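Chemist: My questions will all concern the structure given below.
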Amino acid sequence: MAQCKDITDTKLVLEPYQIIIRPIVTEKGFHNSSARNTYTFEVHKLASKTDIKEAIETLYDVKVVSVHTQNRQGKKRRTRKGIGVTRSWKKAMIKLDADHRLDIY
């Protein structure tokens, strides 16, 4: 019988600048940043909520209240050569403490 590896032994360690890929700048994101103090980022697929929270606090020197994540599925697209698929990605909505702001937009 084969032995199972412990998942914690193979965990990939990511640096903060590898976890946060880019901010998502949209009209809805701008509204959420001003009304709810919530900012949206594209993040690494393997990053957990605690990884994302620590990365934001390290990179931007702010206090994070909560993190919500979504795994966005790639969509089918027709091309000249047939059917293609856009890449899947992970989205994180970060709510900051009332005393902190980010100047992304």
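Simple scheme: letters A, B, ... for chains in structure tokens order, numbers from 1 for residues in each chain, numbers from 1 for ligands in the order shown.
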Can you pull out the residues contacting Val43 (chain A)? Cut-off 9 Å, using only C-alpha atoms, and skip same-chain residues under 2 positions away; I want them as a PyMOL selection string.
Modeler: chain A and resi 18-23+41+45-47+52+89-92
Chemist: If DSSP is run on the backbone, what residues of chain A are strand (DSSP E)? A reply as a VMD selection string would be ideal.
Modeler: chain A and resid 20 to 23 38 to 43 64 to 72 76 to 79 82 to 85 89 to 96
Chemist: Of the candidates A:Thr86, A:Lys11, A:Asn37, A:Asp51, which one gets nearest to Gln73 (chain A) if we count only C-alpha atoms?
Modeler: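 Among the listed residues, the smallest separation from Gln73 (chain A) belongs to A:Thr86.
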Chemist: If we count only C-alpha atoms, what is near Leu59 (chain A) at a cut-off of 8 Å, once residues fewer than 4 positions away on the same chain are taken out, given as JSON, numbers by chain?
Modeler: {"A": [16, 17, 55]}
